[in-house]
file target03.tsv (TSV, C-alpha atoms)
chain	number	residue	atom	x	y	z
K	1	MET	CA	114.46	188.77	35.05
K	2	GLN	CA	114.49	192.33	36.40
K	3	ILE	CA	112.77	191.16	39.60
K	4	PHE	CA	115.45	188.52	40.14
K	5	THR	CA	118.14	191.18	39.76
K	6	TYR	CA	116.43	193.41	42.32
K	7	ILE	CA	116.14	190.51	44.74
K	8	LEU	CA	119.88	189.81	44.36
K	9	LEU	CA	120.68	193.48	44.90
K	10	GLY	CA	118.56	193.39	48.06
K	11	PHE	CA	120.52	190.37	49.26
K	12	LEU	CA	123.76	192.24	48.57
K	13	VAL	CA	122.65	195.14	50.74
K	14	VAL	CA	121.58	192.77	53.53
K	15	CYS	CA	124.92	190.93	53.36
K	16	ALA	CA	126.89	194.18	53.42
K	17	ILE	CA	125.04	195.47	56.46
K	18	SER	CA	125.11	192.18	58.35
K	19	VAL	CA	128.82	191.59	57.79
K	20	SER	CA	129.58	194.99	59.26
K	21	LEU	CA	127.31	194.41	62.28
K	22	SER	CA	128.35	190.83	63.02
K	23	LYS	CA	130.52	190.38	66.10
K	24	ASN	CA	131.54	186.80	65.36
K	25	LEU	CA	134.45	186.66	62.92
K	26	LEU	CA	133.50	183.26	61.53
K	27	ASN	CA	129.99	184.47	60.73
K	28	SER	CA	131.44	187.55	59.06
K	29	ILE	CA	133.56	185.38	56.76
K	30	LEU	CA	130.59	183.22	55.82
K	31	ILE	CA	128.49	186.31	55.07
K	32	PHE	CA	131.36	187.71	53.00
K	33	MET	CA	131.45	184.46	51.01
K	34	SER	CA	127.75	184.69	50.28
K	35	TYR	CA	128.17	188.33	49.27
K	36	SER	CA	130.85	187.34	46.78
K	37	LEU	CA	128.78	184.49	45.34
K	38	ILE	CA	125.75	186.75	44.90
K	39	MET	CA	127.98	189.31	43.22
K	40	SER	CA	129.25	186.67	40.80
K	41	VAL	CA	125.65	185.78	39.87
K	42	ILE	CA	124.97	189.45	39.23
K	43	TRP	CA	128.04	189.62	36.98
K	44	ILE	CA	126.62	186.69	35.00
K	45	LEU	CA	123.28	188.51	34.66
K	46	LEU	CA	125.16	191.55	33.39
K	47	GLU	CA	126.71	189.27	30.73
K	48	SER	CA	130.23	189.50	32.04
K	49	PRO	CA	131.30	185.91	32.65
K	50	ASP	CA	135.00	186.72	33.02
K	51	LEU	CA	134.28	188.97	36.02
K	52	ALA	CA	131.87	186.39	37.41
K	53	ILE	CA	134.51	183.67	37.36
K	54	THR	CA	137.09	185.99	38.88
K	55	GLU	CA	134.69	187.10	41.62
K	56	ALA	CA	133.79	183.52	42.48
K	57	ALA	CA	137.39	182.30	42.46
K	58	VAL	CA	139.03	185.22	44.24
K	59	GLY	CA	136.21	186.61	46.36
K	60	ALA	CA	134.53	183.45	47.60
K	61	GLY	CA	137.44	181.07	47.11
K	62	ILE	CA	140.93	182.29	47.82
K	63	THR	CA	140.07	185.24	50.07
K	64	SER	CA	137.79	183.16	52.25
K	65	ILE	CA	140.39	180.42	52.59
K	66	LEU	CA	142.96	183.01	53.64
K	67	PHE	CA	140.51	184.41	56.19
K	68	PHE	CA	139.89	180.91	57.60
K	69	ILE	CA	143.64	180.28	57.86
K	70	THR	CA	144.08	183.62	59.63
K	71	LEU	CA	141.33	182.79	62.13
K	72	LYS	CA	142.93	179.44	62.78
K	73	LYS	CA	146.38	181.00	63.30
K	74	ILE	CA	145.10	183.57	65.79
K	75	HIS	CA	143.08	180.83	67.52
K	76	ALA	CA	139.78	182.67	67.04
K	77	ILE	CA	137.97	179.51	65.93
K	78	VAL	CA	139.23	177.43	68.88
K	79	GLU	CA	138.28	180.11	71.42
K	80	THR	CA	134.72	180.08	70.12
K	81	ASP	CA	134.50	176.34	70.76
K	82	LYS	CA	135.89	176.75	74.28
K	83	ASP	CA	133.40	179.53	75.01
K	84	GLU	CA	130.52	177.30	73.92
K	85	GLU	CA	131.77	174.45	76.11
K	86	ALA	CA	132.05	176.78	79.09
K	87	ALA	CA	128.55	178.07	78.49
K	88	ASP	CA	127.25	174.49	78.29
K	89	THR	CA	128.80	173.54	81.63
K	90	GLU	CA	127.50	176.70	83.29
K	91	ALA	CA	124.00	176.18	81.94
K	92	LEU	CA	122.98	173.45	84.35
K	93	THR	CA	119.29	173.30	85.03
K	94	ALA	CA	117.90	173.71	88.53
K	95	ASP	CA	117.07	170.00	88.67
K	96	GLU	CA	120.67	169.05	87.86
K	97	LYS	CA	122.00	171.42	90.54
K	98	THR	CA	119.53	170.05	93.11
K	99	ALA	CA	120.46	166.48	92.21
K	100	ALA	CA	124.15	167.27	92.54
K	101	VAL	CA	123.67	168.93	95.97
K	102	SER	CA	121.40	166.16	97.27
K	103	GLY	CA	123.85	163.54	96.03
K	104	GLN	CA	126.68	165.23	97.93
K	105	ALA	CA	124.51	165.50	101.05
K	106	ALA	CA	123.63	161.82	100.83
K	107	GLU	CA	127.31	160.90	100.55
K	108	LEU	CA	128.17	163.01	103.59
K	109	SER	CA	125.39	161.49	105.70
K	110	GLU	CA	126.50	157.97	104.75
K	111	THR	CA	130.08	158.64	105.81
K	112	GLY	CA	129.00	160.46	108.98
K	113	GLN	CA	130.75	163.69	108.05
K	114	GLY	CA	127.54	165.65	107.71
K	115	GLU	CA	126.42	165.10	111.34
K	116	LYS	CA	127.20	167.64	114.01
K	117	LYS	CA	129.20	166.41	116.92
K	118	ASP	CA	128.01	167.44	120.42
K	119	GLU	CA	130.83	168.25	122.79
call {"tool": "encode", "arguments": {"input": "target03.tsv", "output": "structure tokens"}}
result
Amino acid sequence: MQIFTYILLGFLVVCAISVSLSKNLLNSILIFMSYSLIMSVIWILLESPDLAITEAAVGAGITSILFFITLKKIHAIVETDKDEEAADTEALTADEKTAAVSGQAAELSETGQGEKKDE
């Protein structure tokens, strides 16, 4: 049982460091939730179930919900989705770019706009 406690304490340290180094707010909230849940398990191992229930309810429950609502109100979650969509559209492969350019060239040659006129 001592080994399990040390493993949980190691996870607590990893969660604490990673939440402070994370640049994405949503990831930070999720790491904070896991920190709180691990802490509630440690409280159970220390035979303090009242603190464990409080930590799980307040730390992982209510506080995380308030953080999610705050992110939604400041539009931090929506901006992340828009950034991913922009990155997806910019990440065209070379084959897709070549196909798009050759398709435009074929359309121009069919309409006669791509030919040079001799005067």
call {"tool": "closest_residue", "arguments": {"input": "target03.tsv", "among": "K:Leu25, K:Leu45, K:Ile31, K:Ala52", "to": "His75 of chain K", "atoms": "all atoms listed in the file"}}
result
K:Leu25
call {"tool": "atom_distance", "arguments": {"input": "target03.tsv", "atom1": "atom CA of Glu55 of chain K", "atom2": "atom CA of Trp43 of chain K"}}
result
8.5 Å
call {"tool": "atom_distance", "arguments": {"input": "target03.tsv", "atom1": "atom CA of Ser36 of chain K", "atom2": "atom CA of Gly61 of chain K"}}
result
9.1 Å
call {"tool": "residues_around", "arguments": {"input": "target03.tsv", "residues": "Ile38 of chain K", "least_positions_apart": "3", "cutoff": "10 Å", "atoms": "all atoms listed in the file", "output": "number ranges by chain"}}
result
K: 8-9, 11-12, 15, 32-35, 41-44, 52, 55-56, 60
call {"tool": "atom_distance", "arguments": {"input": "target03.tsv", "atom1": "atom CA of Ser64 of chain K", "atom2": "atom CA of Asn24 of chain K"}}
result
15.0 Å
call {"tool": "closest_residue", "arguments": {"input": "target03.tsv", "among": "K:Leu26, K:Met1, K:Val14, K:Val58", "to": "Ala76 of chain K", "atoms": "all atoms listed in the file"}}
result
K:Leu26
call {"tool": "residues_near_point", "arguments": {"input": "target03.tsv", "point": "(140.5, 184.6, 62.3)", "cutoff": "12 Å", "atoms": "all atoms listed in the file", "output": "CSV table (one decimal) with C-alpha atoms, in the frame of the given file"}}
result
chain,number,residue,atom,x,y,z
K,24,ASN,CA,131.5,186.8,65.4
K,25,LEU,CA,134.4,186.7,62.9
K,26,LEU,CA,133.5,183.3,61.5
K,27,ASN,CA,130.0,184.5,60.7
K,28,SER,CA,131.4,187.6,59.1
K,29,ILE,CA,133.6,185.4,56.8
K,30,LEU,CA,130.6,183.2,55.8
K,64,SER,CA,137.8,183.2,52.2
K,65,ILE,CA,140.4,180.4,52.6
K,66,LEU,CA,143.0,183.0,53.6
K,67,PHE,CA,140.5,184.4,56.2
K,68,PHE,CA,139.9,180.9,57.6
K,69,ILE,CA,143.6,180.3,57.9
K,70,THR,CA,144.1,183.6,59.6
K,71,LEU,CA,141.3,182.8,62.1
K,72,LYS,CA,142.9,179.4,62.8
K,73,LYS,CA,146.4,181.0,63.3
K,74,ILE,CA,145.1,183.6,65.8
K,75,HIS,CA,143.1,180.8,67.5
K,76,ALA,CA,139.8,182.7,67.0
K,77,ILE,CA,138.0,179.5,65.9
K,78,VAL,CA,139.2,177.4,68.9
K,79,GLU,CA,138.3,180.1,71.4
K,80,THR,CA,134.7,180.1,70.1
call {"tool": "build_atoms", "arguments": {"input": "target03.tsv", "residues": "segment 36-55 of chain K", "atoms": "N, CA, C and O atoms", "output": "PDB file, in the coordinates of the input"}}
result
ATOM      1  N   SER K  36     130.049 187.518  47.984  1.00  0.00           N
ATOM      2  CA  SER K  36     130.850 187.340  46.780  1.00  0.00           C
ATOM      3  C   SER K  36     130.146 186.425  45.770  1.00  0.00           C
ATOM      4  O   SER K  36     130.194 186.684  44.560  1.00  0.00           O
ATOM      5  N   LEU K  37     129.497 185.376  46.259  1.00  0.00           N
ATOM      6  CA  LEU K  37     128.780 184.490  45.340  1.00  0.00           C
ATOM      7  C   LEU K  37     127.578 185.191  44.701  1.00  0.00           C
ATOM      8  O   LEU K  37     127.315 185.008  43.500  1.00  0.00           O
ATOM      9  N   ILE K  38     126.873 185.995  45.467  1.00  0.00           N
ATOM     10  CA  ILE K  38     125.750 186.750  44.900  1.00  0.00           C
ATOM     11  C   ILE K  38     126.268 187.748  43.869  1.00  0.00           C
ATOM     12  O   ILE K  38     125.670 187.928  42.801  1.00  0.00           O
ATOM     13  N   MET K  39     127.397 188.350  44.170  1.00  0.00           N
ATOM     14  CA  MET K  39     127.980 189.310  43.220  1.00  0.00           C
ATOM     15  C   MET K  39     128.387 188.615  41.928  1.00  0.00           C
ATOM     16  O   MET K  39     128.226 189.175  40.830  1.00  0.00           O
ATOM     17  N   SER K  40     128.882 187.384  42.023  1.00  0.00           N
ATOM     18  CA  SER K  40     129.250 186.670  40.800  1.00  0.00           C
ATOM     19  C   SER K  40     128.015 186.320  39.966  1.00  0.00           C
ATOM     20  O   SER K  40     128.074 186.357  38.731  1.00  0.00           O
ATOM     21  N   VAL K  41     126.891 186.016  40.608  1.00  0.00           N
ATOM     22  CA  VAL K  41     125.650 185.780  39.870  1.00  0.00           C
ATOM     23  C   VAL K  41     125.192 187.060  39.173  1.00  0.00           C
ATOM     24  O   VAL K  41     124.730 187.034  38.023  1.00  0.00           O
ATOM     25  N   ILE K  42     125.344 188.172  39.856  1.00  0.00           N
ATOM     26  CA  ILE K  42     124.970 189.450  39.230  1.00  0.00           C
ATOM     27  C   ILE K  42     125.861 189.743  38.030  1.00  0.00           C
ATOM     28  O   ILE K  42     125.390 190.237  37.000  1.00  0.00           O
ATOM     29  N   TRP K  43     127.151 189.422  38.129  1.00  0.00           N
ATOM     30  CA  TRP K  43     128.040 189.620  36.980  1.00  0.00           C
ATOM     31  C   TRP K  43     127.595 188.757  35.796  1.00  0.00           C
ATOM     32  O   TRP K  43     127.689 189.176  34.640  1.00  0.00           O
ATOM     33  N   ILE K  44     127.116 187.550  36.080  1.00  0.00           N
ATOM     34  CA  ILE K  44     126.620 186.690  35.000  1.00  0.00           C
ATOM     35  C   ILE K  44     125.381 187.320  34.362  1.00  0.00           C
ATOM     36  O   ILE K  44     125.228 187.332  33.131  1.00  0.00           O
ATOM     37  N   LEU K  45     124.480 187.858  35.191  1.00  0.00           N
ATOM     38  CA  LEU K  45     123.280 188.510  34.660  1.00  0.00           C
ATOM     39  C   LEU K  45     123.617 189.745  33.827  1.00  0.00           C
ATOM     40  O   LEU K  45     122.885 190.100  32.911  1.00  0.00           O
ATOM     41  N   LEU K  46     124.715 190.381  34.162  1.00  0.00           N
ATOM     42  CA  LEU K  46     125.160 191.550  33.390  1.00  0.00           C
ATOM     43  C   LEU K  46     125.991 191.142  32.169  1.00  0.00           C
ATOM     44  O   LEU K  46     126.597 191.994  31.520  1.00  0.00           O
ATOM     45  N   GLU K  47     126.019 189.842  31.885  1.00  0.00           N
ATOM     46  CA  GLU K  47     126.710 189.270  30.730  1.00  0.00           C
ATOM     47  C   GLU K  47     128.209 189.563  30.731  1.00  0.00           C
ATOM     48  O   GLU K  47     128.795 189.959  29.728  1.00  0.00           O
ATOM     49  N   SER K  48     128.789 189.345  31.904  1.00  0.00           N
ATOM     50  CA  SER K  48     130.230 189.500  32.040  1.00  0.00           C
ATOM     51  C   SER K  48     130.794 188.261  32.743  1.00  0.00           C
ATOM     52  O   SER K  48     131.112 188.297  33.934  1.00  0.00           O
ATOM     53  N   PRO K  49     130.905 187.164  32.007  1.00  0.00           N
ATOM     54  CA  PRO K  49     131.300 185.910  32.650  1.00  0.00           C
ATOM     55  C   PRO K  49     132.738 185.909  33.161  1.00  0.00           C
ATOM     56  O   PRO K  49     133.045 185.218  34.130  1.00  0.00           O
ATOM     57  N   ASP K  50     133.619 186.691  32.542  1.00  0.00           N
ATOM     58  CA  ASP K  50     135.000 186.720  33.020  1.00  0.00           C
ATOM     59  C   ASP K  50     135.077 187.331  34.425  1.00  0.00           C
ATOM     60  O   ASP K  50     135.804 186.836  35.294  1.00  0.00           O
ATOM     61  N   LEU K  51     134.313 188.384  34.674  1.00  0.00           N
ATOM     62  CA  LEU K  51     134.280 188.970  36.020  1.00  0.00           C
ATOM     63  C   LEU K  51     133.582 188.049  37.010  1.00  0.00           C
ATOM     64  O   LEU K  51     133.960 187.996  38.181  1.00  0.00           O
ATOM     65  N   ALA K  52     132.580 187.308  36.530  1.00  0.00           N
ATOM     66  CA  ALA K  52     131.870 186.390  37.410  1.00  0.00           C
ATOM     67  C   ALA K  52     132.794 185.274  37.898  1.00  0.00           C
ATOM     68  O   ALA K  52     132.797 184.930  39.089  1.00  0.00           O
ATOM     69  N   ILE K  53     133.576 184.727  36.980  1.00  0.00           N
ATOM     70  CA  ILE K  53     134.510 183.670  37.360  1.00  0.00           C
ATOM     71  C   ILE K  53     135.586 184.205  38.301  1.00  0.00           C
ATOM     72  O   ILE K  53     135.947 183.568  39.293  1.00  0.00           O
ATOM     73  N   THR K  54     136.080 185.384  38.014  1.00  0.00           N
ATOM     74  CA  THR K  54     137.090 185.990  38.880  1.00  0.00           C
ATOM     75  C   THR K  54     136.539 186.275  40.264  1.00  0.00           C
ATOM     76  O   THR K  54     137.206 186.022  41.272  1.00  0.00           O
ATOM     77  N   GLU K  55     135.322 186.805  40.333  1.00  0.00           N
ATOM     78  CA  GLU K  55     134.690 187.100  41.620  1.00  0.00           C
ATOM     79  C   GLU K  55     134.475 185.822  42.429  1.00  0.00           C
ATOM     80  O   GLU K  55     134.721 185.793  43.634  1.00  0.00           O
TER      81      GLU K  55
END
